[in-house]
>>> print(open('coords32.cif').read())   # mmCIF, C-alpha atoms and all ligand atoms
data_protein
#
loop_
_atom_site.label_atom_id
_atom_site.label_comp_id
_atom_site.auth_asym_id
_atom_site.auth_seq_id
_atom_site.Cartn_x
_atom_site.Cartn_y
_atom_site.Cartn_z
CA MET A 528 -38.84 24.79 2.53
CA LYS A 529 -37.06 27.07 5.01
CA PRO A 530 -35.36 26.10 8.28
CA ALA A 531 -37.28 26.27 11.55
CA PRO A 532 -36.37 29.32 13.70
CA PHE A 533 -33.12 29.12 15.68
CA ILE A 534 -30.94 31.37 17.84
CA TYR A 535 -27.57 32.18 16.26
CA HIS A 536 -24.30 32.46 18.24
CA ARG A 537 -20.91 33.46 16.84
CA PRO A 538 -18.09 32.83 19.35
CA LYS A 539 -14.58 34.16 18.69
CA THR A 540 -12.56 31.58 20.66
CA VAL A 541 -12.68 27.84 21.28
CA GLU A 542 -13.23 28.55 24.99
CA ASP A 543 -16.30 30.67 24.18
CA ALA A 544 -17.56 28.04 21.73
CA VAL A 545 -17.42 25.22 24.28
CA ALA A 546 -18.90 27.47 27.00
CA LEU A 547 -21.81 28.26 24.67
CA LEU A 548 -22.19 24.58 23.79
CA ALA A 549 -22.35 23.67 27.48
CA GLU A 550 -25.24 26.13 27.79
CA VAL A 551 -27.19 25.35 24.59
CA ALA A 552 -26.48 21.65 23.85
CA PRO A 553 -29.13 20.57 26.40
CA LEU A 554 -31.53 22.93 24.57
CA ASP A 555 -30.78 21.20 21.23
CA GLY A 556 -27.90 23.47 20.24
CA ARG A 557 -25.37 22.40 17.60
CA ILE A 558 -22.14 23.54 16.02
CA LEU A 559 -22.32 25.07 12.55
CA ALA A 560 -19.06 24.51 10.61
CA GLY A 561 -19.16 24.45 6.78
CA GLY A 562 -22.93 23.99 6.84
CA GLN A 563 -22.80 21.67 3.82
CA SER A 564 -24.66 18.88 5.63
CA LEU A 565 -26.43 20.71 8.46
CA ILE A 566 -28.01 23.53 6.44
CA PRO A 567 -29.58 21.23 3.79
CA MET A 568 -30.91 19.04 6.62
CA MET A 569 -32.38 22.12 8.31
CA ALA A 570 -33.88 23.36 5.05
CA LEU A 571 -35.56 19.97 4.61
CA ARG A 572 -36.64 20.04 8.29
CA LEU A 573 -34.78 16.80 8.92
CA ALA A 574 -32.93 18.77 11.63
CA TYR A 575 -34.27 21.74 13.60
CA PRO A 576 -31.71 22.77 16.21
CA ALA A 577 -32.91 25.53 18.52
CA HIS A 578 -29.41 27.10 18.69
CA LEU A 579 -26.52 27.25 16.22
CA VAL A 580 -22.99 27.86 17.48
CA ASP A 581 -21.23 29.10 14.34
CA ILE A 582 -17.48 28.39 14.67
CA ASN A 583 -16.52 30.19 11.43
CA GLY A 584 -15.39 33.27 13.39
CA VAL A 585 -13.14 31.32 15.77
CA ALA A 586 -9.50 32.28 15.24
CA GLY A 587 -6.70 29.75 14.75
CA ILE A 588 -8.69 26.57 14.15
CA ASP A 589 -8.09 26.24 10.42
CA ARG A 590 -4.52 25.01 10.77
CA ILE A 591 -3.02 22.04 8.94
CA VAL A 592 0.43 21.36 10.31
CA VAL A 593 2.83 18.47 10.86
CA GLU A 594 3.62 17.93 14.55
CA ASP A 595 5.43 14.94 16.06
CA GLY A 596 4.92 12.76 12.97
CA GLU A 597 1.19 13.54 12.83
CA LEU A 598 -0.77 15.73 10.46
CA VAL A 599 -2.86 18.03 12.65
CA ILE A 600 -6.10 19.17 11.00
CA GLY A 601 -8.03 21.93 12.78
CA ALA A 602 -11.83 22.16 13.03
CA LEU A 603 -12.12 24.78 10.27
CA ALA A 604 -9.76 23.21 7.70
CA ARG A 605 -11.97 23.01 4.62
CA HIS A 606 -11.98 20.11 2.15
CA ALA A 607 -10.51 22.23 -0.66
CA ARG A 608 -7.30 22.81 1.31
CA PHE A 609 -6.38 19.19 0.55
CA GLU A 610 -6.80 19.42 -3.23
CA LYS A 611 -3.05 19.97 -3.52
CA PRO A 612 -0.80 17.91 -1.23
CA VAL A 613 -0.58 19.58 2.19
CA GLU A 614 2.81 17.90 2.76
CA PRO A 615 5.28 16.34 0.30
CA GLY A 616 5.05 12.66 1.39
CA PRO A 617 2.50 9.93 0.68
CA THR A 618 0.00 11.27 3.25
CA GLY A 619 -0.33 14.60 1.42
CA GLN A 620 -0.67 12.82 -1.94
CA LEU A 621 -3.25 10.40 -0.56
CA LEU A 622 -5.40 13.21 0.88
CA ALA A 623 -5.25 15.11 -2.43
CA GLN A 624 -6.44 12.04 -4.36
CA VAL A 625 -9.25 11.34 -1.92
CA CYS A 626 -10.35 14.99 -1.77
CA HIS A 627 -11.33 15.12 -5.45
CA ASN A 628 -13.98 12.47 -4.80
CA ILE A 629 -15.85 14.60 -2.26
CA ALA A 630 -18.92 16.29 -3.73
CA HIS A 631 -18.20 19.27 -6.05
CA PHE A 632 -15.87 22.25 -5.71
CA PRO A 633 -18.37 24.73 -4.17
CA ILE A 634 -19.11 22.19 -1.42
CA ARG A 635 -15.41 21.42 -0.97
CA SER A 636 -14.63 25.12 -0.64
CA ARG A 637 -16.92 25.39 2.40
CA GLY A 638 -17.29 21.96 4.05
CA THR A 639 -14.71 20.97 6.66
CA PHE A 640 -12.69 17.83 7.34
CA CYS A 641 -13.77 17.77 11.01
CA GLY A 642 -17.41 18.52 10.10
CA SER A 643 -17.40 15.42 7.89
CA LEU A 644 -16.14 13.32 10.78
CA ALA A 645 -18.69 14.79 13.21
CA ASN A 646 -21.44 14.20 10.64
CA ALA A 647 -20.30 10.55 10.28
CA ASP A 648 -21.97 9.67 7.02
CA PRO A 649 -21.09 6.00 6.35
CA ALA A 650 -19.82 6.97 2.88
CA SER A 651 -17.74 9.98 3.93
CA GLU A 652 -14.27 9.81 2.41
CA TRP A 653 -12.63 11.61 5.34
CA CYS A 654 -14.25 9.17 7.80
CA LEU A 655 -12.66 6.35 5.78
CA VAL A 656 -9.27 8.08 5.91
CA ALA A 657 -9.55 8.62 9.69
CA ALA A 658 -10.62 5.02 10.34
CA THR A 659 -7.96 3.47 8.08
CA LEU A 660 -5.00 5.56 9.21
CA GLY A 661 -5.96 5.39 12.91
CA ALA A 662 -6.64 9.09 13.53
CA LYS A 663 -6.78 10.61 16.99
CA LEU A 664 -9.96 12.67 17.33
CA VAL A 665 -9.55 15.50 19.83
CA ALA A 666 -12.79 16.56 21.56
CA ARG A 667 -13.04 19.58 23.85
CA SER A 668 -15.75 20.58 26.32
CA GLU A 669 -15.84 22.63 29.52
CA ALA A 670 -14.91 19.39 31.33
CA GLY A 671 -11.60 19.18 29.42
CA THR A 672 -10.10 17.39 26.42
CA ARG A 673 -10.61 13.77 25.34
CA ILE A 674 -8.82 11.90 22.56
CA LEU A 675 -10.93 9.28 20.84
CA ALA A 676 -9.76 6.43 18.62
CA PRO A 677 -11.82 5.73 15.46
CA ARG A 678 -13.39 2.60 17.00
CA ASP A 679 -14.78 4.75 19.86
CA PHE A 680 -15.66 7.73 17.68
CA PHE A 681 -17.54 6.03 14.82
CA GLN A 682 -20.52 4.28 16.38
CA GLY A 683 -23.09 3.94 13.60
CA ILE A 684 -24.86 5.73 10.77
CA MET A 685 -24.33 9.44 11.51
CA THR A 686 -23.63 8.55 15.13
CA THR A 687 -20.39 9.33 16.97
CA GLY A 688 -18.93 9.09 20.45
CA LEU A 689 -18.92 12.92 20.74
CA ALA A 690 -21.07 14.18 23.62
CA PRO A 691 -23.56 16.92 22.59
CA GLU A 692 -21.52 19.53 24.49
CA GLU A 693 -18.20 18.50 22.88
CA MET A 694 -16.50 20.20 19.95
CA LEU A 695 -14.16 18.25 17.70
CA VAL A 696 -11.28 20.73 17.83
CA GLU A 697 -8.78 18.82 15.70
CA VAL A 698 -7.86 15.50 14.17
CA ARG A 699 -4.36 14.03 14.28
CA LEU A 700 -3.53 11.70 11.41
CA PRO A 701 -0.47 9.45 11.75
CA MET A 702 1.76 10.08 8.71
CA LEU A 703 2.50 7.21 6.36
CA PRO A 704 6.21 6.31 6.02
CA SER A 705 7.93 7.78 2.95
CA ASP A 706 8.08 4.37 1.18
CA ALA A 707 4.39 3.58 1.79
CA LYS A 708 2.27 2.68 -1.21
CA PHE A 709 -1.39 3.68 -1.08
CA GLY A 710 -4.50 3.31 -3.21
CA PHE A 711 -8.00 4.74 -2.97
CA TYR A 712 -10.96 3.65 -5.07
CA GLU A 713 -14.66 4.38 -4.78
CA PHE A 714 -17.78 3.56 -6.73
CA SER A 715 -20.67 6.03 -6.94
CA ARG A 716 -23.44 6.21 -9.52
CA ARG A 717 -22.61 9.80 -10.56
CA ALA A 718 -19.52 11.93 -10.08
CA GLY A 719 -19.79 13.84 -6.78
CA ASP A 720 -22.39 11.49 -5.26
CA PHE A 721 -21.75 9.67 -2.00
CA ALA A 722 -20.02 6.35 -2.72
CA LEU A 723 -21.85 3.02 -2.56
CA ALA A 724 -18.53 1.49 -1.52
CA SER A 725 -14.98 2.76 -1.19
CA SER A 726 -11.63 1.44 -0.09
CA LEU A 727 -8.38 2.96 1.09
CA THR A 728 -5.32 0.73 1.33
CA ALA A 729 -1.71 1.33 2.29
CA PHE A 730 1.28 -0.94 2.80
CA ARG A 731 5.04 -1.18 2.40
CA VAL A 732 7.03 -3.81 0.53
CA GLU A 733 9.87 -5.15 2.65
CA ASN A 734 12.20 -7.92 1.41
CA GLY A 735 9.80 -8.57 -1.45
CA VAL A 736 6.68 -9.06 0.70
CA ILE A 737 3.89 -6.86 2.04
CA ALA A 738 4.45 -5.24 5.45
CA ALA A 739 2.14 -3.14 7.66
CA PRO A 740 -0.97 -3.51 5.48
CA LEU A 741 -3.96 -1.24 6.10
CA VAL A 742 -7.26 -2.00 4.40
CA GLY A 743 -10.22 0.28 5.09
CA VAL A 744 -13.72 0.01 3.65
CA GLY A 745 -16.32 2.79 3.59
CA GLY A 746 -19.88 3.20 2.40
CA ALA A 747 -20.70 -0.47 2.79
CA GLU A 748 -21.38 -0.72 6.53
CA ALA A 749 -22.79 1.63 9.18
CA HIS A 750 -19.39 3.29 9.45
CA PRO A 751 -15.99 2.93 7.76
CA ARG A 752 -13.49 0.63 9.43
CA ARG A 753 -10.36 -1.40 8.88
CA ILE A 754 -10.92 -5.01 7.80
CA PRO A 755 -8.46 -7.24 9.72
CA GLU A 756 -9.33 -10.30 7.60
CA ALA A 757 -8.15 -8.51 4.44
CA GLU A 758 -5.01 -7.18 6.13
CA HIS A 759 -4.20 -10.71 7.31
CA ALA A 760 -4.53 -11.98 3.72
CA LEU A 761 -1.89 -9.43 2.62
CA LEU A 762 0.65 -9.58 5.45
CA GLY A 763 3.90 -11.31 4.43
CA GLN A 764 2.63 -12.11 0.92
CA GLN A 765 4.04 -10.97 -2.42
CA ALA A 766 2.15 -8.03 -3.94
CA THR A 767 0.56 -9.99 -6.78
CA MET A 768 -2.92 -9.82 -8.33
CA ALA A 769 -3.69 -13.21 -6.76
CA THR A 770 -2.85 -11.89 -3.27
CA PHE A 771 -4.97 -8.78 -3.88
CA GLU A 772 -7.91 -10.91 -5.03
CA ARG A 773 -7.69 -13.03 -1.87
CA ALA A 774 -7.67 -9.91 0.32
CA ALA A 775 -10.59 -8.41 -1.61
CA GLN A 776 -12.56 -11.63 -1.23
CA ALA A 777 -11.81 -11.68 2.52
CA ALA A 778 -13.15 -8.11 2.83
CA ALA A 779 -16.31 -8.96 0.88
CA ILE A 780 -17.01 -11.87 3.24
CA ALA A 781 -16.14 -9.93 6.41
CA ILE A 782 -18.48 -6.96 5.99
CA ASP A 783 -21.98 -6.63 7.38
CA PRO A 784 -23.45 -4.86 4.34
CA LEU A 785 -25.91 -1.98 4.46
CA GLU A 786 -28.98 -2.62 2.33
CA ASP A 787 -31.52 -0.26 0.79
CA ALA A 788 -34.15 -0.36 -1.94
CA ALA A 789 -31.52 -0.16 -4.71
CA THR A 790 -28.64 -2.06 -3.11
CA ASN A 791 -28.91 -5.54 -1.64
CA ALA A 792 -26.27 -7.31 0.46
CA GLY A 793 -24.92 -9.40 -2.43
CA TYR A 794 -24.41 -6.35 -4.63
CA ARG A 795 -22.69 -4.46 -1.82
CA ARG A 796 -20.33 -7.41 -1.20
CA ASP A 797 -19.50 -7.52 -4.93
CA LEU A 798 -18.76 -3.80 -4.85
CA VAL A 799 -16.52 -4.18 -1.81
CA ARG A 800 -14.56 -6.96 -3.49
CA THR A 801 -14.06 -4.71 -6.52
CA VAL A 802 -13.13 -1.50 -4.69
CA VAL A 803 -10.64 -3.26 -2.38
CA ARG A 804 -8.95 -5.05 -5.30
CA ARG A 805 -8.74 -1.86 -7.36
CA ALA A 806 -7.38 0.16 -4.42
CA LEU A 807 -4.65 -2.46 -3.93
CA GLU A 808 -3.83 -2.52 -7.66
CA LEU A 809 -3.63 1.28 -7.65
CA ALA A 810 -1.23 1.18 -4.70
CA ILE A 811 1.22 -0.74 -6.88
CA SER A 812 0.61 0.96 -10.24
CA GLN A 813 0.80 4.51 -8.78
CA SER A 814 4.04 3.81 -6.94
CA GLU A 815 5.63 2.67 -10.21
CA ARG A 816 4.60 5.89 -11.98
CA PRO A 817 7.10 8.81 -11.79
CA GLN A 818 5.79 11.44 -9.30
C1 LIG B 1 -24.66 17.83 -2.79
C2 LIG B 1 -23.71 17.36 -1.71
C3 LIG B 1 -22.84 16.31 -1.98
C4 LIG B 1 -21.97 15.86 -1.01
N1 LIG B 1 -21.13 14.83 -1.31
C5 LIG B 1 -20.28 14.38 -0.38
C6 LIG B 1 -19.37 13.32 -0.65
O1 LIG B 1 -19.31 12.79 -1.77
N2 LIG B 1 -18.56 12.90 0.35
C7 LIG B 1 -18.59 13.47 1.60
O2 LIG B 1 -17.83 13.03 2.48
N3 LIG B 1 -19.41 14.49 1.89
C8 LIG B 1 -20.25 14.96 0.94
N4 LIG B 1 -21.09 15.99 1.25
C9 LIG B 1 -21.09 16.55 2.63
C10 LIG B 1 -19.98 17.58 2.81
O3 LIG B 1 -18.72 16.93 2.72
C11 LIG B 1 -20.04 18.28 4.18
O4 LIG B 1 -19.15 19.33 4.11
C12 LIG B 1 -19.66 17.48 5.41
O5 LIG B 1 -20.40 16.29 5.53
C13 LIG B 1 -19.95 18.24 6.71
O6 LIG B 1 -18.99 19.22 6.95
P1 LIG B 1 -19.43 20.70 7.28
O7 LIG B 1 -18.21 21.41 7.72
O8 LIG B 1 -20.18 21.25 6.14
O9 LIG B 1 -20.38 20.45 8.59
P2 LIG B 1 -21.79 21.08 8.97
O10 LIG B 1 -22.77 20.83 7.89
O11 LIG B 1 -21.64 22.47 9.46
O12 LIG B 1 -22.13 20.15 10.24
C14 LIG B 1 -22.46 18.79 10.08
C15 LIG B 1 -22.71 18.18 11.47
O13 LIG B 1 -21.49 18.07 12.18
C16 LIG B 1 -21.52 18.85 13.40
N5 LIG B 1 -20.20 19.49 13.50
C17 LIG B 1 -19.54 20.16 12.51
N6 LIG B 1 -18.31 20.51 12.93
C18 LIG B 1 -18.20 20.06 14.19
C19 LIG B 1 -17.15 20.11 15.17
N7 LIG B 1 -15.97 20.68 14.89
N8 LIG B 1 -17.37 19.53 16.37
C20 LIG B 1 -18.55 18.92 16.65
N9 LIG B 1 -19.58 18.85 15.78
C21 LIG B 1 -19.40 19.41 14.57
C22 LIG B 1 -22.66 19.85 13.20
O14 LIG B 1 -23.22 20.24 14.43
C23 LIG B 1 -23.64 19.02 12.36
O15 LIG B 1 -24.37 18.16 13.19
C24 LIG B 1 -21.96 16.48 0.29
C25 LIG B 1 -22.82 17.56 0.56
C26 LIG B 1 -23.69 17.99 -0.43
C27 LIG B 1 -24.60 19.15 -0.11
#
>>> encode(input="coords32.cif", output="structure tokens")
Amino acid sequence: MKPAPFIYHRPKTVEDAVALLAEVAPLDGRILAGGQSLIPMMALRLAYPAHLVDINGVAGIDRIVVEDGELVIGALARHARFEKPVEPGPTGQLLAQVCHNIAHFPIRSRGTFCGSLANADPASEWCLVAATLGAKLVARSEAGTRILAPRDFFQGIMTTGLAPEEMLVEVRLPMLPSDAKFGFYEFSRRAGDFALASSLTAFRVENGVIAAPLVGVGGAEAHPRRIPEAEHALLGQQATMATFERAAQAAAIAIDPLEDAATNAGYRRDLVRTVVRRALELAISQSERPQ
């Protein structure tokens, strides 16, 4: 099947892009970034926007830079840019590990970090990263700039707090401290598929116990989020397998699992317990391995 007809726009600046969006969003206009979600949906006629505002010609929005302790990721930074660490600390290493789980290389070479967030698939790895690390999501429209926290941005399955006339111009990820340990684990039926459940964890060990734990879960609920119950089970405890199992169990109980024909709630909870425990175990085993 071919897409329904649409009018194509190719702005050269962010200002032109948001001006165009202001004009065409009420007429069912949308941004085209990497096209790796939108174009298949259009080809299947699951989406038929009347206007496409293609941001691939906009200068200066592909930057990935460290500013004020945050990693700034521009709207056109493609997944593949993260395959090698974009900075030398744990944040760069974490993003490189996560990146290899996203689809396949041709898709990674075109799809964008910000496009994944705007698309808000519950299983998106970058949405999990943004939710777990507490990203700031910077939205621009003709009315000005807004910064959204993950809890305001991620609102449901493929649903965000972005207004139709807003462009996600960049994402600011807080950088993990240099002694942070992190682990990412996901389960999908085939390599490159969207995950049925995933977990990203990070913490430090201070005076022999866990400090500043972050536990995020993706793919299991309508959108990825941190699980306070699991973080509470880790805080101030020794980093042992028994502690990790308690945190994993807390996460499995806390989630409100998505269900479909092949995946019931009990199975999804089991998967969450497994992915959280394995992410925590990886956080320890990877930090003991020479870099
Ligand atoms: C076979 C296949 C397997 C895949 N597997 C995975 C996977 O395992 N994990 C994963 O996370 N993804 C996966 N994807 C999706 C891929 O990562 C996409 O690149 C991503 O979801 C969307 O990014 P994009 O830049 O291609 O956005 P597009 O497809 O261009 O746009 C997606 C949506 O976001 C909106 N949008 C895009 N950019 C912006 C912006 N800056 N501001 C506001 N709105 C914007 C568009 O209007 C559209 O509604 C897969 C895709 C395919 C085809």
>>> closest_residue(input="coords32.cif", among="A:Ser726, A:Gln624, A:Ser651, A:Thr540", to="ligand LIG 1 (chain B)", atoms="all atoms listed in the file")
A:Ser651
>>> atom_distance(input="coords32.cif", atom1="CA of Ala774 (chain A)", atom2="CA of Ser812 (chain A)")
17.3 Å
>>> residues_around(input="coords32.cif", residues="Asp783 (chain A)", least_positions_apart="2", cutoff="9 Å", atoms="only C-alpha atoms", output="JSON, numbers by chain")
{"A": [747, 748, 749, 779, 780, 781, 785, 792, 796]}
>>> residues_around(input="coords32.cif", residues="Gly763 (chain A)", least_positions_apart="4", cutoff="12 Å", atoms="all atoms listed in the file", output="ChimeraX atom specification")
/A:730-740,758-759,767,770
>>> residues_near_ligand(input="coords32.cif", ligand="ligand LIG 1 (chain B)", cutoff="6 Å", atoms="all atoms listed in the file", output="MDAnalysis selection string")
chainID A and resid 557:565 602 629:630 638:639 641:643 645:646 651:652 694:696 719:721
>>> residues_around(input="coords32.cif", residues="Pro649 (chain A)", least_positions_apart="5", cutoff="8 Å", atoms="all atoms listed in the file", output="PyMOL selection string")
chain A and resi 654+683-685+745-751
>>> write_last_selection(input="coords32.cif", atoms="C-alpha atoms", output="CSV table (one decimal), in the frame of the given file")
chain,number,residue,atom,x,y,z
A,654,CYS,CA,-14.2,9.2,7.8
A,683,GLY,CA,-23.1,3.9,13.6
A,684,ILE,CA,-24.9,5.7,10.8
A,685,MET,CA,-24.3,9.4,11.5
A,745,GLY,CA,-16.3,2.8,3.6
A,746,GLY,CA,-19.9,3.2,2.4
A,747,ALA,CA,-20.7,-0.5,2.8
A,748,GLU,CA,-21.4,-0.7,6.5
A,749,ALA,CA,-22.8,1.6,9.2
A,750,HIS,CA,-19.4,3.3,9.4
A,751,PRO,CA,-16.0,2.9,7.8
>>> atom_distance(input="coords32.cif", atom1="CA of Met528 (chain A)", atom2="CA of His606 (chain A)")
27.3 Å
>>> closest_residue(input="coords32.cif", among="A:Ala647, A:Pro633, A:Leu723, A:Gln813", to="Thr687 (chain A)", atoms="only C-alpha atoms")
A:Ala647
>>> closest_residue(input="coords32.cif", among="A:Phe771, A:Phe632, A:Phe681, A:Phe714", to="Val742 (chain A)", atoms="only C-alpha atoms")
A:Phe771
>>> closest_residue(input="coords32.cif", among="A:Val698, A:Leu660, A:Leu548, A:Ala769", to="His536 (chain A)", atoms="all atoms listed in the file")
A:Leu548
>>> atom_distance(input="coords32.cif", atom1="CA of Leu655 (chain A)", atom2="CA of Ala552 (chain A)")
27.4 Å
>>> closest_atom_pairs(input="coords32.cif", of="region 650-688 of chain A", to="region 582-599 of chain A", cutoff="12 Å", atoms="all atoms listed in the file", output="CSV")
residue,atom,partner,partner_atom,distance
A:Ala657,CA,A:Leu598,CA,11.3
A:Leu660,CA,A:Glu597,CA,10.7
A:Gly661,CA,A:Glu597,CA,10.8
A:Ala662,CA,A:Glu597,CA,9.0
A:Lys663,CA,A:Val599,CA,9.4
A:Leu664,CA,A:Val599,CA,10.1
A:Val665,CA,A:Val599,CA,10.1
>>> residues_around(input="coords32.cif", residues="region 613-618 of chain A", least_positions_apart="6", cutoff="7 Å", atoms="only C-alpha atoms", output="list of chain:residue names")
A:Met702, A:Leu703, A:Ser705, A:Ala707
>>> closest_residue(input="coords32.cif", among="A:Pro755, A:Ala607, A:Ser668, A:Met569", to="Ile634 (chain A)", atoms="all atoms listed in the file")
A:Ala607
>>> decode(input="coords32.cif", residues="region 740-762 of chain A", atoms="N, CA and C atoms", output="PDB file, in the first residue's frame")
ATOM      1  N   PRO A 740      19.751   5.126  44.029  1.00  0.00           N
ATOM      2  CA  PRO A 740      19.332   4.121  43.037  1.00  0.00           C
ATOM      3  C   PRO A 740      18.290   4.664  42.059  1.00  0.00           C
ATOM      4  N   LEU A 741      18.437   4.275  40.806  1.00  0.00           N
ATOM      5  CA  LEU A 741      17.426   4.556  39.777  1.00  0.00           C
ATOM      6  C   LEU A 741      17.018   3.216  39.184  1.00  0.00           C
ATOM      7  N   VAL A 742      15.736   2.952  39.151  1.00  0.00           N
ATOM      8  CA  VAL A 742      15.246   1.723  38.507  1.00  0.00           C
ATOM      9  C   VAL A 742      14.134   2.126  37.552  1.00  0.00           C
ATOM     10  N   GLY A 743      14.365   1.941  36.260  1.00  0.00           N
ATOM     11  CA  GLY A 743      13.340   2.231  35.257  1.00  0.00           C
ATOM     12  C   GLY A 743      12.877   0.944  34.607  1.00  0.00           C
ATOM     13  N   VAL A 744      11.597   0.912  34.236  1.00  0.00           N
ATOM     14  CA  VAL A 744      11.051  -0.249  33.530  1.00  0.00           C
ATOM     15  C   VAL A 744      10.355   0.237  32.264  1.00  0.00           C
ATOM     16  N   GLY A 745      10.605  -0.435  31.161  1.00  0.00           N
ATOM     17  CA  GLY A 745       9.961  -0.097  29.887  1.00  0.00           C
ATOM     18  C   GLY A 745       9.260  -1.304  29.287  1.00  0.00           C
ATOM     19  N   GLY A 746       8.381  -1.044  28.346  1.00  0.00           N
ATOM     20  CA  GLY A 746       7.750  -2.118  27.582  1.00  0.00           C
ATOM     21  C   GLY A 746       6.641  -2.841  28.303  1.00  0.00           C
ATOM     22  N   ALA A 747       6.528  -2.629  29.609  1.00  0.00           N
ATOM     23  CA  ALA A 747       5.588  -3.428  30.401  1.00  0.00           C
ATOM     24  C   ALA A 747       4.312  -2.665  30.716  1.00  0.00           C
ATOM     25  N   GLU A 748       4.395  -1.338  30.693  1.00  0.00           N
ATOM     26  CA  GLU A 748       3.243  -0.490  30.992  1.00  0.00           C
ATOM     27  C   GLU A 748       3.011   0.443  29.802  1.00  0.00           C
ATOM     28  N   ALA A 749       2.053   1.351  29.935  1.00  0.00           N
ATOM     29  CA  ALA A 749       1.724   2.245  28.811  1.00  0.00           C
ATOM     30  C   ALA A 749       2.886   3.159  28.436  1.00  0.00           C
ATOM     31  N   HIS A 750       3.735   3.446  29.405  1.00  0.00           N
ATOM     32  CA  HIS A 750       4.964   4.194  29.087  1.00  0.00           C
ATOM     33  C   HIS A 750       6.024   3.837  30.117  1.00  0.00           C
ATOM     34  N   PRO A 751       7.311   3.998  29.752  1.00  0.00           N
ATOM     35  CA  PRO A 751       8.373   3.689  30.712  1.00  0.00           C
ATOM     36  C   PRO A 751       8.329   4.663  31.888  1.00  0.00           C
ATOM     37  N   ARG A 752       8.759   4.183  33.040  1.00  0.00           N
ATOM     38  CA  ARG A 752       8.820   5.075  34.210  1.00  0.00           C
ATOM     39  C   ARG A 752       9.752   4.481  35.245  1.00  0.00           C
ATOM     40  N   ARG A 753      10.139   5.343  36.208  1.00  0.00           N
ATOM     41  CA  ARG A 753      10.893   4.852  37.353  1.00  0.00           C
ATOM     42  C   ARG A 753       9.931   4.138  38.303  1.00  0.00           C
ATOM     43  N   ILE A 754      10.467   3.144  39.028  1.00  0.00           N
ATOM     44  CA  ILE A 754       9.630   2.374  39.961  1.00  0.00           C
ATOM     45  C   ILE A 754      10.131   2.671  41.374  1.00  0.00           C
ATOM     46  N   PRO A 755       9.480   3.598  42.084  1.00  0.00           N
ATOM     47  CA  PRO A 755       9.963   4.000  43.418  1.00  0.00           C
ATOM     48  C   PRO A 755      10.045   2.814  44.389  1.00  0.00           C
ATOM     49  N   GLU A 756       9.125   1.864  44.287  1.00  0.00           N
ATOM     50  CA  GLU A 756       9.126   0.719  45.213  1.00  0.00           C
ATOM     51  C   GLU A 756      10.430  -0.075  45.088  1.00  0.00           C
ATOM     52  N   ALA A 757      10.925  -0.221  43.861  1.00  0.00           N
ATOM     53  CA  ALA A 757      12.169  -0.975  43.645  1.00  0.00           C
ATOM     54  C   ALA A 757      13.367  -0.159  44.132  1.00  0.00           C
ATOM     55  N   GLU A 758      13.320   1.148  43.894  1.00  0.00           N
ATOM     56  CA  GLU A 758      14.430   2.007  44.347  1.00  0.00           C
ATOM     57  C   GLU A 758      14.502   1.994  45.878  1.00  0.00           C
ATOM     58  N   HIS A 759      13.337   1.997  46.520  1.00  0.00           N
ATOM     59  CA  HIS A 759      13.288   1.970  47.983  1.00  0.00           C
ATOM     60  C   HIS A 759      13.907   0.663  48.515  1.00  0.00           C
ATOM     61  N   ALA A 760      13.658  -0.427  47.791  1.00  0.00           N
ATOM     62  CA  ALA A 760      14.199  -1.731  48.231  1.00  0.00           C
ATOM     63  C   ALA A 760      15.735  -1.774  48.120  1.00  0.00           C
ATOM     64  N   LEU A 761      16.306  -0.892  47.306  1.00  0.00           N
ATOM     65  CA  LEU A 761      17.767  -0.886  47.115  1.00  0.00           C
ATOM     66  C   LEU A 761      18.478   0.101  48.045  1.00  0.00           C
ATOM     67  N   LEU A 762      17.821   1.229  48.305  1.00  0.00           N
ATOM     68  CA  LEU A 762      18.487   2.335  49.004  1.00  0.00           C
ATOM     69  C   LEU A 762      19.042   1.903  50.368  1.00  0.00           C
TER      70      LEU A 762
END
